[in-house]
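Source file: target31.cif. Holds: mmCIF, C-alpha atoms.
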```
data_query
#
loop_
_atom_site.group_PDB
_atom_site.id
_atom_site.type_symbol
_atom_site.label_atom_id
_atom_site.label_comp_id
_atom_site.auth_asym_id
_atom_site.auth_seq_id
_atom_site.Cartn_x
_atom_site.Cartn_y
_atom_site.Cartn_z
ATOM 1 C CA MET A 1 0.000 0.000 0.000
ATOM 2 C CA LEU A 2 1.326 3.415 -1.012
ATOM 3 C CA SER A 3 1.198 5.920 1.837
ATOM 4 C CA TYR A 4 3.941 8.419 0.956
ATOM 5 C CA ARG A 5 2.681 11.901 0.029
ATOM 6 C CA HIS A 6 5.300 14.321 -1.187
ATOM 7 C CA GLY A 7 3.193 17.326 -0.237
ATOM 8 C CA TYR A 8 4.536 17.035 3.296
ATOM 9 C CA HIS A 9 8.120 17.312 2.058
ATOM 10 C CA ALA A 10 7.857 19.557 -1.022
ATOM 11 C CA GLY A 11 10.613 22.134 -1.325
ATOM 12 C CA ASN A 12 12.801 20.590 1.373
ATOM 13 C CA VAL A 13 16.590 20.272 1.229
ATOM 14 C CA GLY A 14 16.345 17.051 -0.753
ATOM 15 C CA ASP A 15 14.102 18.679 -3.342
ATOM 16 C CA VAL A 16 16.460 21.609 -3.792
ATOM 17 C CA LEU A 17 19.372 19.296 -4.552
ATOM 18 C CA LYS A 18 17.331 16.915 -6.706
ATOM 19 C CA HIS A 19 15.668 19.587 -8.797
ATOM 20 C CA ALA A 20 18.848 21.611 -9.253
ATOM 21 C CA VAL A 21 20.544 18.467 -10.590
ATOM 22 C CA VAL A 22 17.601 17.535 -12.842
ATOM 23 C CA ALA A 23 17.443 21.059 -14.268
ATOM 24 C CA LEU A 24 21.166 21.095 -15.100
ATOM 25 C CA LEU A 25 20.982 17.672 -16.735
ATOM 26 C CA ILE A 26 18.135 18.865 -18.949
ATOM 27 C CA GLU A 27 20.056 22.000 -19.840
ATOM 28 C CA ALA A 28 23.007 19.830 -20.874
ATOM 29 C CA LEU A 29 20.777 17.760 -23.166
ATOM 30 C CA LYS A 30 19.494 20.959 -24.767
ATOM 31 C CA LYS A 31 22.981 21.862 -25.999
ATOM 32 C CA LYS A 32 22.345 19.595 -28.991
ATOM 33 C CA PRO A 33 19.410 20.354 -31.323
ATOM 34 C CA ALA A 34 18.245 16.721 -31.563
ATOM 35 C CA PRO A 35 15.120 15.947 -29.481
ATOM 36 C CA PHE A 36 15.273 14.006 -26.237
ATOM 37 C CA ALA A 37 12.864 12.269 -23.866
ATOM 38 C CA TYR A 38 12.455 12.825 -20.133
ATOM 39 C CA LEU A 39 11.097 9.839 -18.191
ATOM 40 C CA GLU A 40 10.249 9.737 -14.485
ATOM 41 C CA THR A 41 9.230 6.694 -12.448
ATOM 42 C CA HIS A 42 7.644 8.344 -9.378
ATOM 43 C CA ALA A 43 6.316 11.645 -10.648
ATOM 44 C CA GLY A 44 4.057 12.696 -7.761
ATOM 45 C CA ALA A 45 1.436 15.412 -8.144
ATOM 46 C CA GLY A 46 3.620 17.807 -10.118
ATOM 47 C CA ARG A 47 2.901 20.974 -8.149
ATOM 48 C CA TYR A 48 2.616 21.652 -4.417
ATOM 49 C CA ASP A 49 0.977 24.437 -2.442
ATOM 50 C CA LEU A 50 3.356 25.503 0.335
ATOM 51 C CA ALA A 51 0.452 27.137 2.181
ATOM 52 C CA ALA A 52 -1.522 23.871 2.251
ATOM 53 C CA ALA A 53 -1.945 21.852 5.441
ATOM 54 C CA GLN A 54 0.493 19.129 4.352
ATOM 55 C CA ALA A 55 3.394 21.513 3.724
ATOM 56 C CA GLU A 56 2.656 23.638 6.781
ATOM 57 C CA LYS A 57 2.464 20.594 9.047
ATOM 58 C CA THR A 58 6.153 19.816 8.553
ATOM 59 C CA GLY A 59 7.418 23.199 7.370
ATOM 60 C CA GLU A 60 10.314 21.438 5.653
ATOM 61 C CA TYR A 61 10.297 23.892 2.772
ATOM 62 C CA ARG A 62 11.434 26.675 5.119
ATOM 63 C CA GLU A 63 14.798 24.934 5.515
ATOM 64 C CA GLY A 64 15.004 24.183 1.786
ATOM 65 C CA ILE A 65 13.684 26.443 -0.962
ATOM 66 C CA GLY A 66 12.789 29.010 1.715
ATOM 67 C CA LEU A 67 16.492 29.637 2.338
ATOM 68 C CA VAL A 68 17.432 29.729 -1.353
ATOM 69 C CA TRP A 69 14.533 31.728 -2.771
ATOM 70 C CA GLY A 70 15.108 35.431 -3.276
ATOM 71 C CA ARG A 71 18.851 35.416 -2.670
ATOM 72 C CA GLY A 72 20.809 37.752 -4.879
ATOM 73 C CA ASP A 73 23.958 35.652 -4.787
ATOM 74 C CA ALA A 74 22.563 32.419 -6.226
ATOM 75 C CA PRO A 75 25.052 30.915 -8.689
ATOM 76 C CA GLU A 76 24.237 30.785 -12.391
ATOM 77 C CA ALA A 77 23.994 26.991 -12.163
ATOM 78 C CA LEU A 78 20.779 27.388 -10.138
ATOM 79 C CA ALA A 79 19.128 29.644 -12.723
ATOM 80 C CA PRO A 80 17.281 26.886 -14.663
ATOM 81 C CA TYR A 81 15.862 25.414 -11.442
ATOM 82 C CA LEU A 82 14.891 28.767 -9.962
ATOM 83 C CA SER A 83 13.234 29.798 -13.223
ATOM 84 C CA ALA A 84 10.948 26.765 -12.917
ATOM 85 C CA VAL A 85 10.007 27.808 -9.371
ATOM 86 C CA ALA A 86 9.423 31.394 -10.490
ATOM 87 C CA ALA A 87 7.138 30.223 -13.300
ATOM 88 C CA LEU A 88 4.573 29.007 -10.734
ATOM 89 C CA ASN A 89 4.616 32.147 -8.601
ATOM 90 C CA SER A 90 3.652 35.792 -9.084
ATOM 91 C CA PRO A 91 6.595 38.235 -9.212
ATOM 92 C CA GLY A 92 7.168 40.085 -5.992
ATOM 93 C CA GLU A 93 4.802 37.946 -3.952
ATOM 94 C CA THR A 94 5.557 35.427 -1.217
ATOM 95 C CA LEU A 95 6.652 32.028 -2.476
ATOM 96 C CA ARG A 96 3.461 29.945 -2.610
ATOM 97 C CA TYR A 97 3.843 27.090 -5.088
ATOM 98 C CA TYR A 98 6.638 24.606 -5.571
ATOM 99 C CA PRO A 99 7.237 22.470 -8.683
ATOM 100 C CA GLY A 100 7.851 18.768 -8.489
ATOM 101 C CA SER A 101 10.316 17.255 -10.957
ATOM 102 C CA PRO A 102 7.681 17.058 -13.747
ATOM 103 C CA ARG A 103 7.019 20.798 -13.558
ATOM 104 C CA VAL A 104 10.730 21.572 -13.452
ATOM 105 C CA ALA A 105 11.301 19.417 -16.523
ATOM 106 C CA ARG A 106 8.273 20.710 -18.435
ATOM 107 C CA HIS A 107 9.349 24.293 -17.897
ATOM 108 C CA LEU A 108 12.714 23.552 -19.484
ATOM 109 C CA LEU A 109 11.686 21.315 -22.403
ATOM 110 C CA ARG A 110 11.854 22.608 -25.965
ATOM 111 C CA ALA A 111 9.151 22.116 -28.599
ATOM 112 C CA GLN A 112 10.898 19.037 -30.015
ATOM 113 C CA ASP A 113 11.278 17.246 -26.665
ATOM 114 C CA ARG A 114 8.767 15.101 -24.787
ATOM 115 C CA MET A 115 8.066 13.831 -21.296
ATOM 116 C CA VAL A 116 6.765 10.489 -19.975
ATOM 117 C CA LEU A 117 5.558 10.431 -16.378
ATOM 118 C CA MET A 118 4.598 7.442 -14.234
ATOM 119 C CA GLU A 119 2.736 7.593 -10.926
ATOM 120 C CA LEU A 120 1.016 4.722 -9.124
ATOM 121 C CA HIS A 121 -0.458 6.540 -6.095
ATOM 122 C CA GLY A 122 -4.249 6.727 -6.422
ATOM 123 C CA SER A 123 -4.471 10.275 -5.076
ATOM 124 C CA GLU A 124 -1.423 11.757 -6.795
ATOM 125 C CA TYR A 125 -2.062 10.378 -10.286
ATOM 126 C CA PRO A 126 -5.346 12.241 -11.023
ATOM 127 C CA VAL A 127 -3.756 15.550 -10.003
ATOM 128 C CA LEU A 128 -0.757 14.882 -12.220
ATOM 129 C CA LYS A 129 -2.960 13.793 -15.118
ATOM 130 C CA GLN A 130 -5.054 16.940 -14.875
ATOM 131 C CA ALA A 131 -1.968 19.150 -14.681
ATOM 132 C CA PHE A 132 -0.851 18.053 -18.134
ATOM 133 C CA ALA A 133 -4.242 17.453 -19.760
ATOM 134 C CA GLY A 134 -4.092 18.488 -23.395
ATOM 135 C CA ASP A 135 -0.309 18.824 -23.431
ATOM 136 C CA LYS A 136 0.805 16.868 -26.486
ATOM 137 C CA GLN A 137 4.412 16.734 -25.294
ATOM 138 C CA VAL A 138 3.511 14.929 -22.059
ATOM 139 C CA ALA A 139 2.269 11.369 -21.495
ATOM 140 C CA VAL A 140 1.066 10.456 -17.983
ATOM 141 C CA HIS A 141 0.771 6.787 -17.007
ATOM 142 C CA HIS A 142 -0.985 5.333 -13.968
ATOM 143 C CA ARG A 143 1.471 2.496 -13.536
ATOM 144 C CA ASP A 144 4.359 1.131 -11.510
ATOM 145 C CA GLY A 145 7.416 3.084 -12.560
ATOM 146 C CA TYR A 146 9.807 0.173 -12.278
ATOM 147 C CA GLU A 147 7.701 -1.941 -14.605
ATOM 148 C CA GLY A 148 7.005 1.024 -16.845
ATOM 149 C CA LEU A 149 10.633 1.699 -17.643
ATOM 150 C CA LYS A 150 11.032 -1.801 -19.039
ATOM 151 C CA ALA A 151 8.206 -1.134 -21.478
ATOM 152 C CA LEU A 152 9.130 2.442 -22.386
ATOM 153 C CA LEU A 153 12.884 2.169 -22.927
ATOM 154 C CA PRO A 154 14.639 2.883 -25.160
ATOM 155 C CA PRO A 155 12.893 6.078 -26.258
ATOM 156 C CA ALA A 156 12.516 6.674 -29.979
ATOM 157 C CA GLU A 157 14.742 9.745 -29.664
ATOM 158 C CA LYS A 158 17.737 7.660 -28.478
ATOM 159 C CA ARG A 159 18.625 10.585 -26.176
ATOM 160 C CA GLY A 160 17.231 11.436 -22.801
ATOM 161 C CA LEU A 161 17.109 11.516 -19.039
ATOM 162 C CA VAL A 162 15.543 8.927 -16.737
ATOM 163 C CA VAL A 163 14.764 10.082 -13.188
ATOM 164 C CA ILE A 164 14.175 7.431 -10.522
ATOM 165 C CA ASP A 165 13.092 8.944 -7.207
ATOM 166 C CA PRO A 166 11.020 6.599 -5.050
ATOM 167 C CA SER A 167 10.219 7.174 -1.373
ATOM 168 C CA TYR A 168 12.118 4.049 -0.228
ATOM 169 C CA GLU A 169 9.261 3.313 2.169
ATOM 170 C CA VAL A 170 10.090 -0.366 1.896
ATOM 171 C CA LYS A 171 13.708 -1.404 2.510
ATOM 172 C CA THR A 172 13.652 -3.820 -0.438
ATOM 173 C CA GLU A 173 13.256 -0.795 -2.695
ATOM 174 C CA TYR A 174 16.994 -0.107 -2.485
ATOM 175 C CA ALA A 175 17.765 -3.385 -4.234
ATOM 176 C CA GLN A 176 14.896 -2.817 -6.646
ATOM 177 C CA VAL A 177 16.368 0.534 -7.667
ATOM 178 C CA VAL A 178 19.758 -1.047 -8.430
ATOM 179 C CA ASP A 179 18.082 -3.774 -10.512
ATOM 180 C CA THR A 180 15.993 -1.157 -12.331
ATOM 181 C CA VAL A 181 19.025 0.949 -13.214
ATOM 182 C CA GLN A 182 20.837 -2.117 -14.543
ATOM 183 C CA SER A 183 17.811 -3.023 -16.645
ATOM 184 C CA ALA A 184 17.338 0.545 -17.878
ATOM 185 C CA HIS A 185 21.000 0.805 -18.826
ATOM 186 C CA ARG A 186 20.808 -2.398 -20.857
ATOM 187 C CA ARG A 187 17.909 -0.949 -22.837
ATOM 188 C CA PHE A 188 19.215 2.621 -23.014
ATOM 189 C CA ALA A 189 22.996 2.529 -22.635
ATOM 190 C CA SER A 190 23.499 6.067 -23.938
ATOM 191 C CA GLY A 191 20.895 7.626 -21.649
ATOM 192 C CA ILE A 192 21.472 9.666 -18.515
ATOM 193 C CA ILE A 193 19.951 8.016 -15.430
ATOM 194 C CA ALA A 194 19.561 10.051 -12.224
ATOM 195 C CA VAL A 195 18.689 8.292 -8.964
ATOM 196 C CA TRP A 196 17.631 10.184 -5.837
ATOM 197 C CA TYR A 197 18.338 8.570 -2.464
ATOM 198 C CA PRO A 198 17.769 9.604 1.169
ATOM 199 C CA VAL A 199 20.600 9.656 3.689
ATOM 200 C CA LEU A 200 19.336 7.841 6.778
ATOM 201 C CA ALA A 201 21.528 5.428 8.739
ATOM 202 C CA ARG A 202 25.001 5.595 7.238
ATOM 203 C CA GLU A 203 25.285 1.832 6.894
ATOM 204 C CA LEU A 204 22.102 1.782 4.807
ATOM 205 C CA THR A 205 23.348 4.534 2.505
ATOM 206 C CA ASP A 206 26.805 3.010 2.219
ATOM 207 C CA GLY A 207 25.296 -0.386 1.446
ATOM 208 C CA PHE A 208 23.190 1.157 -1.310
ATOM 209 C CA LYS A 209 26.241 2.746 -2.890
ATOM 210 C CA GLU A 210 28.240 -0.450 -2.543
ATOM 211 C CA SER A 211 25.522 -2.270 -4.485
ATOM 212 C CA PHE A 212 26.076 0.145 -7.354
ATOM 213 C CA ARG A 213 29.837 -0.333 -7.172
ATOM 214 C CA ALA A 214 29.278 -4.076 -7.501
ATOM 215 C CA SER A 215 26.647 -3.745 -10.240
ATOM 216 C CA GLY A 216 29.004 -3.675 -13.201
ATOM 217 C CA LEU A 217 27.769 -0.219 -14.200
ATOM 218 C CA ARG A 218 30.356 2.433 -15.010
ATOM 219 C CA LYS A 219 30.541 6.226 -14.930
ATOM 220 C CA ILE A 220 28.402 6.956 -11.851
ATOM 221 C CA LEU A 221 28.737 10.343 -10.163
ATOM 222 C CA ASP A 222 27.586 10.744 -6.546
ATOM 223 C CA VAL A 223 26.339 14.144 -5.353
ATOM 224 C CA GLU A 224 25.370 14.218 -1.665
ATOM 225 C CA LEU A 225 24.289 16.903 0.791
ATOM 226 C CA THR A 226 23.336 16.458 4.444
ATOM 227 C CA THR A 227 22.364 19.206 6.856
ATOM 228 C CA ARG A 228 22.175 17.279 10.129
ATOM 229 C CA PRO A 229 24.919 15.524 12.109
ATOM 230 C CA GLU A 230 25.802 11.870 11.623
ATOM 231 C CA GLU A 231 24.180 10.754 14.888
ATOM 232 C CA SER A 232 20.793 12.306 14.040
ATOM 233 C CA VAL A 233 17.708 10.098 13.803
ATOM 234 C CA GLY A 234 15.742 10.167 10.568
ATOM 235 C CA MET A 235 16.645 11.676 7.228
ATOM 236 C CA ARG A 236 19.762 13.809 7.444
ATOM 237 C CA GLY A 237 19.961 14.708 3.787
ATOM 238 C CA SER A 238 19.960 13.126 0.375
ATOM 239 C CA GLY A 239 21.967 12.511 -2.741
ATOM 240 C CA MET A 240 21.802 11.963 -6.461
ATOM 241 C CA LEU A 241 23.588 9.203 -8.319
ATOM 242 C CA VAL A 242 24.008 10.166 -11.962
ATOM 243 C CA LEU A 243 24.876 7.485 -14.499
ATOM 244 C CA ASN A 244 26.425 8.842 -17.710
ATOM 245 C CA PRO A 245 26.591 12.470 -16.560
ATOM 246 C CA PRO A 246 27.300 15.037 -19.286
ATOM 247 C CA TRP A 247 30.805 16.369 -19.886
ATOM 248 C CA ARG A 248 32.027 18.577 -17.033
ATOM 249 C CA PHE A 249 28.889 17.968 -14.988
ATOM 250 C CA ASP A 250 31.108 16.876 -12.108
ATOM 251 C CA SER A 251 32.871 20.255 -12.165
ATOM 252 C CA ALA A 252 29.523 22.067 -12.134
ATOM 253 C CA MET A 253 28.436 20.093 -9.076
ATOM 254 C CA GLU A 254 31.750 20.671 -7.306
ATOM 255 C CA ALA A 255 31.124 24.401 -7.670
ATOM 256 C CA LEU A 256 27.435 24.289 -6.698
ATOM 257 C CA VAL A 257 27.382 21.960 -3.679
ATOM 258 C CA PRO A 258 29.556 24.186 -1.428
ATOM 259 C CA TRP A 259 27.204 27.127 -2.049
ATOM 260 C CA LEU A 260 24.152 24.987 -1.302
ATOM 261 C CA ARG A 261 25.767 23.698 1.857
ATOM 262 C CA ALA A 262 26.646 27.200 3.045
ATOM 263 C CA VAL A 263 23.043 28.353 2.548
ATOM 264 C CA LEU A 264 21.138 25.233 3.624
ATOM 265 C CA ASP A 265 23.485 24.185 6.428
ATOM 266 C CA PRO A 266 24.934 27.442 7.815
ATOM 267 C CA GLY A 267 25.976 25.715 11.034
ATOM 268 C CA GLN A 268 27.898 23.117 9.022
ATOM 269 C CA ALA A 269 26.268 20.296 10.980
ATOM 270 C CA GLY A 270 26.150 18.018 7.974
ATOM 271 C CA SER A 271 28.382 17.398 5.011
ATOM 272 C CA GLY A 272 28.448 17.708 1.261
ATOM 273 C CA GLY A 273 30.499 16.301 -1.520
ATOM 274 C CA VAL A 274 30.863 15.156 -5.100
ATOM 275 C CA GLU A 275 32.738 12.003 -6.018
ATOM 276 C CA TRP A 276 32.920 9.409 -8.728
ATOM 277 C CA LEU A 277 31.248 6.394 -7.167
ATOM 278 C CA VAL A 278 32.321 4.382 -10.202
ATOM 279 C CA PRO A 279 34.643 5.939 -12.791
ATOM 280 C CA GLU A 280 34.579 5.208 -16.516
#
```

Do you think you could lay out the structure here as structure tokens?
Amino acid sequence: MLSYRHGYHAGNVGDVLKHAVVALLIEALKKKPAPFAYLETHAGAGRYDLAAAQAEKTGEYREGIGLVWGRGDAPEALAPYLSAVAALNSPGETLRYYPGSPRVARHLLRAQDRMVLMELHGSEYPVLKQAFAGDKQVAVHHRDGYEGLKALLPPAEKRGLVVIDPSYEVKTEYAQVVDTVQSAHRRFASGIIAVWYPVLARELTDGFKESFRASGLRKILDVELTTRPEESVGMRGSGMLVLNPPWRFDSAMEALVPWLRAVLDPGQAGSGGVEWLVPE
């Protein structure tokens, strides 16, 4: 049974990192004129109201996008992501709406690109479907994202980005993600695959990464940011594993992560870093 609702966590530290990475990957794909496809396995509702009861109950966005929004010193690398946030809000007014990955991606797509979204949650799917009703560049599927990728890859465009960002509610999902990435890579070896993961108990996170090291996959970049100390209970941060990152993407992340850490973790309680989990 699916119980996770992203509305409680929209705009948090993990979202800032994830969506900044997704936006930069899309921008890299746009450097070539040929069309590409964006596919996401756990798309959510697409847009979130930060004034709604779910978001206000946790207030997580205040320690995420709330600290980044409106700053005059944001690096250029954040511009694509912040433009997607701005597109949902009125200029000069208080930040009210936050885009999920589908809205970030849709804002950045060109006329020749397309998007395929999968969402299994019975409450999230209708909202997502309605959000893109009539949009000929977007296909929304009410299906299991893991199964869906097997059917939808490779895309006709032969170029694209696959985003895998489950809630990891069930511990077996870590192994399922590794298997899914292996399967997706076999079908779409040239594609970029971005995997979001939470940082909980260090042994769990380290075990997840070790599974990727042992998977036989190559060229995996790890981008991680935590804002709470190692001994904290619960989620301390998150990371993105990027398979087949674009040229110099590692350098872009090495420049961006320190700024994000300084803003999102001013007390330096956590950590942040960029490393090649598996080189070429």

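Note that atom CA of A:Val274 and atom CA of A:Phe249 are 10.5 Å apart.
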
Picked residues, the PyMOL selection byres ((chain A and resi 30) around 12), as a PDB file with C-alpha atoms, in the frame of the given file:
```
ATOM      1  CA  ALA A  23      17.443  21.059 -14.268  1.00  0.00           C
ATOM      2  CA  LEU A  24      21.166  21.095 -15.100  1.00  0.00           C
ATOM      3  CA  LEU A  25      20.982  17.672 -16.735  1.00  0.00           C
ATOM      4  CA  ILE A  26      18.135  18.865 -18.949  1.00  0.00           C
ATOM      5  CA  GLU A  27      20.056  22.000 -19.840  1.00  0.00           C
ATOM      6  CA  ALA A  28      23.007  19.830 -20.874  1.00  0.00           C
ATOM      7  CA  LEU A  29      20.777  17.760 -23.166  1.00  0.00           C
ATOM      8  CA  LYS A  31      22.981  21.862 -25.999  1.00  0.00           C
ATOM      9  CA  LYS A  32      22.345  19.595 -28.991  1.00  0.00           C
ATOM     10  CA  PRO A  33      19.410  20.354 -31.323  1.00  0.00           C
ATOM     11  CA  ALA A  34      18.245  16.721 -31.563  1.00  0.00           C
ATOM     12  CA  PRO A  35      15.120  15.947 -29.481  1.00  0.00           C
ATOM     13  CA  PHE A  36      15.273  14.006 -26.237  1.00  0.00           C
ATOM     14  CA  ALA A  37      12.864  12.269 -23.866  1.00  0.00           C
ATOM     15  CA  TYR A  38      12.455  12.825 -20.133  1.00  0.00           C
ATOM     16  CA  PRO A  80      17.281  26.886 -14.663  1.00  0.00           C
ATOM     17  CA  ALA A 105      11.301  19.417 -16.523  1.00  0.00           C
ATOM     18  CA  LEU A 108      12.714  23.552 -19.484  1.00  0.00           C
ATOM     19  CA  LEU A 109      11.686  21.315 -22.403  1.00  0.00           C
ATOM     20  CA  ARG A 110      11.854  22.608 -25.965  1.00  0.00           C
ATOM     21  CA  ALA A 111       9.151  22.116 -28.599  1.00  0.00           C
ATOM     22  CA  GLN A 112      10.898  19.037 -30.015  1.00  0.00           C
ATOM     23  CA  ASP A 113      11.278  17.246 -26.665  1.00  0.00           C
ATOM     24  CA  ARG A 159      18.625  10.585 -26.176  1.00  0.00           C
ATOM     25  CA  GLY A 160      17.231  11.436 -22.801  1.00  0.00           C
ATOM     26  CA  LEU A 161      17.109  11.516 -19.039  1.00  0.00           C
ATOM     27  CA  PRO A 246      27.300  15.037 -19.286  1.00  0.00           C
TER      28      PRO A 246
END
```

Worksheet item: Just how far from atom CA of A:Gly239 is atom CA of A:Asp165, in Å to one decimal?
Response: 10.6 Å

Worksheet entry | Using only C-alpha atoms: which of A:Leu264, A:Ala175, A:Leu277, A:Val104 has the shortest distance to A:Leu221 | A:Leu277

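Atom pair atom CA of A:Ala10 / atom CA of A:Pro99: separated by 8.2 Å.
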
Worksheet item: Just so the selection is clear, what residues does the PyMOL selection byres ((chain A and resi 41-43) around 10) cover here, as a PyMOL selection string?
Response: chain A and resi 6+39-40+44-46+100-103+116-121+124-125+128+140-141+143-149+162-167

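This file, queried with the PyMOL selection byres ((chain A and resi 261) around 9), gives the residues Leu225, Thr226, Thr227, Leu256, Val257, Pro258, Trp259, Leu260, Ala262, Val263, Leu264, Asp265, Pro266, Gln268, Gly270, Ser271 and Gly272 of chain A.
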
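Every protein or nucleic acid residue with an atom no more than 9 Å from A:Pro198, counting all atoms listed in the file and leaving out same-chain residues fewer than 3 positions away, appears here: Gly14, Ser167, Tyr168, Thr205, Met235, Arg236, Gly237, Ser238, Gly239 and Met240 of chain A.
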
Using all atoms listed in the file, which protein or nucleic acid residues come within 8 Å of A:Phe208? Drop anything in the same chain fewer than 4 positions from it, and give the result as a short mmCIF file (atom, residue, chain, number, x, y, z; two decimals) with C-alpha atoms, in the frame of the given file.
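result_10.cif, written as the output of this step:
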```
data_model
loop_
_atom_site.label_atom_id
_atom_site.label_comp_id
_atom_site.auth_asym_id
_atom_site.auth_seq_id
_atom_site.Cartn_x
_atom_site.Cartn_y
_atom_site.Cartn_z
CA TYR A 174 16.99 -0.11 -2.48
CA ALA A 175 17.76 -3.38 -4.23
CA LEU A 204 22.10 1.78 4.81
CA PHE A 212 26.08 0.14 -7.35
#
```

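Minimum distance to A:Ala184 across A:Val233, A:Ile220, A:Val170, A:Ala151 (counting only C-alpha atoms) occurs at A:Ala151.
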
Please fill the gaps in stretch 69-88 of chain A so it has N, CA and C atoms, and write that as a PDB file, keeping the file's coordinate frame.
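selection_8.pdb was written with the following content:
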```pdb
ATOM      1  N   TRP A  69      15.374  30.823  -1.993  1.00  0.00           N
ATOM      2  CA  TRP A  69      14.533  31.728  -2.771  1.00  0.00           C
ATOM      3  C   TRP A  69      14.804  33.196  -2.425  1.00  0.00           C
ATOM      4  N   GLY A  70      14.958  34.001  -3.464  1.00  0.00           N
ATOM      5  CA  GLY A  70      15.108  35.431  -3.276  1.00  0.00           C
ATOM      6  C   GLY A  70      16.523  35.906  -2.983  1.00  0.00           C
ATOM      7  N   ARG A  71      17.469  35.005  -2.935  1.00  0.00           N
ATOM      8  CA  ARG A  71      18.851  35.416  -2.670  1.00  0.00           C
ATOM      9  C   ARG A  71      19.460  36.034  -3.922  1.00  0.00           C
ATOM     10  N   GLY A  72      20.182  37.095  -3.746  1.00  0.00           N
ATOM     11  CA  GLY A  72      20.809  37.752  -4.879  1.00  0.00           C
ATOM     12  C   GLY A  72      22.128  37.148  -5.291  1.00  0.00           C
ATOM     13  N   ASP A  73      22.643  36.224  -4.489  1.00  0.00           N
ATOM     14  CA  ASP A  73      23.958  35.652  -4.787  1.00  0.00           C
ATOM     15  C   ASP A  73      23.884  34.218  -5.297  1.00  0.00           C
ATOM     16  N   ALA A  74      22.697  33.789  -5.722  1.00  0.00           N
ATOM     17  CA  ALA A  74      22.563  32.419  -6.226  1.00  0.00           C
ATOM     18  C   ALA A  74      23.433  32.231  -7.464  1.00  0.00           C
ATOM     19  N   PRO A  75      24.182  31.145  -7.529  1.00  0.00           N
ATOM     20  CA  PRO A  75      25.052  30.915  -8.689  1.00  0.00           C
ATOM     21  C   PRO A  75      24.254  30.677  -9.962  1.00  0.00           C
ATOM     22  N   GLU A  76      24.896  30.932 -11.090  1.00  0.00           N
ATOM     23  CA  GLU A  76      24.237  30.785 -12.391  1.00  0.00           C
ATOM     24  C   GLU A  76      23.726  29.356 -12.601  1.00  0.00           C
ATOM     25  N   ALA A  77      24.408  28.385 -11.998  1.00  0.00           N
ATOM     26  CA  ALA A  77      23.994  26.991 -12.163  1.00  0.00           C
ATOM     27  C   ALA A  77      22.599  26.725 -11.616  1.00  0.00           C
ATOM     28  N   LEU A  78      22.131  27.562 -10.698  1.00  0.00           N
ATOM     29  CA  LEU A  78      20.779  27.388 -10.138  1.00  0.00           C
ATOM     30  C   LEU A  78      19.707  28.069 -10.969  1.00  0.00           C
ATOM     31  N   ALA A  79      20.093  28.862 -11.958  1.00  0.00           N
ATOM     32  CA  ALA A  79      19.128  29.644 -12.723  1.00  0.00           C
ATOM     33  C   ALA A  79      18.033  28.801 -13.391  1.00  0.00           C
ATOM     34  N   PRO A  80      18.353  27.680 -14.045  1.00  0.00           N
ATOM     35  CA  PRO A  80      17.281  26.886 -14.663  1.00  0.00           C
ATOM     36  C   PRO A  80      16.264  26.383 -13.643  1.00  0.00           C
ATOM     37  N   TYR A  81      16.749  25.899 -12.514  1.00  0.00           N
ATOM     38  CA  TYR A  81      15.862  25.414 -11.442  1.00  0.00           C
ATOM     39  C   TYR A  81      15.011  26.542 -10.877  1.00  0.00           C
ATOM     40  N   LEU A  82      15.631  27.658 -10.557  1.00  0.00           N
ATOM     41  CA  LEU A  82      14.891  28.767  -9.962  1.00  0.00           C
ATOM     42  C   LEU A  82      13.893  29.377 -10.946  1.00  0.00           C
ATOM     43  N   SER A  83      14.189  29.291 -12.235  1.00  0.00           N
ATOM     44  CA  SER A  83      13.234  29.798 -13.223  1.00  0.00           C
ATOM     45  C   SER A  83      11.966  28.952 -13.248  1.00  0.00           C
ATOM     46  N   ALA A  84      12.116  27.650 -12.974  1.00  0.00           N
ATOM     47  CA  ALA A  84      10.948  26.765 -12.917  1.00  0.00           C
ATOM     48  C   ALA A  84      10.094  27.068 -11.687  1.00  0.00           C
ATOM     49  N   VAL A  85      10.745  27.414 -10.574  1.00  0.00           N
ATOM     50  CA  VAL A  85      10.007  27.808  -9.371  1.00  0.00           C
ATOM     51  C   VAL A  85       9.291  29.134  -9.622  1.00  0.00           C
ATOM     52  N   ALA A  86       9.992  30.069 -10.227  1.00  0.00           N
ATOM     53  CA  ALA A  86       9.423  31.394 -10.490  1.00  0.00           C
ATOM     54  C   ALA A  86       8.210  31.313 -11.415  1.00  0.00           C
ATOM     55  N   ALA A  87       8.220  30.345 -12.329  1.00  0.00           N
ATOM     56  CA  ALA A  87       7.138  30.223 -13.300  1.00  0.00           C
ATOM     57  C   ALA A  87       5.790  29.906 -12.649  1.00  0.00           C
ATOM     58  N   LEU A  88       5.812  29.358 -11.430  1.00  0.00           N
ATOM     59  CA  LEU A  88       4.573  29.007 -10.734  1.00  0.00           C
ATOM     60  C   LEU A  88       4.113  30.088  -9.762  1.00  0.00           C
TER      61      LEU A  88
END
```
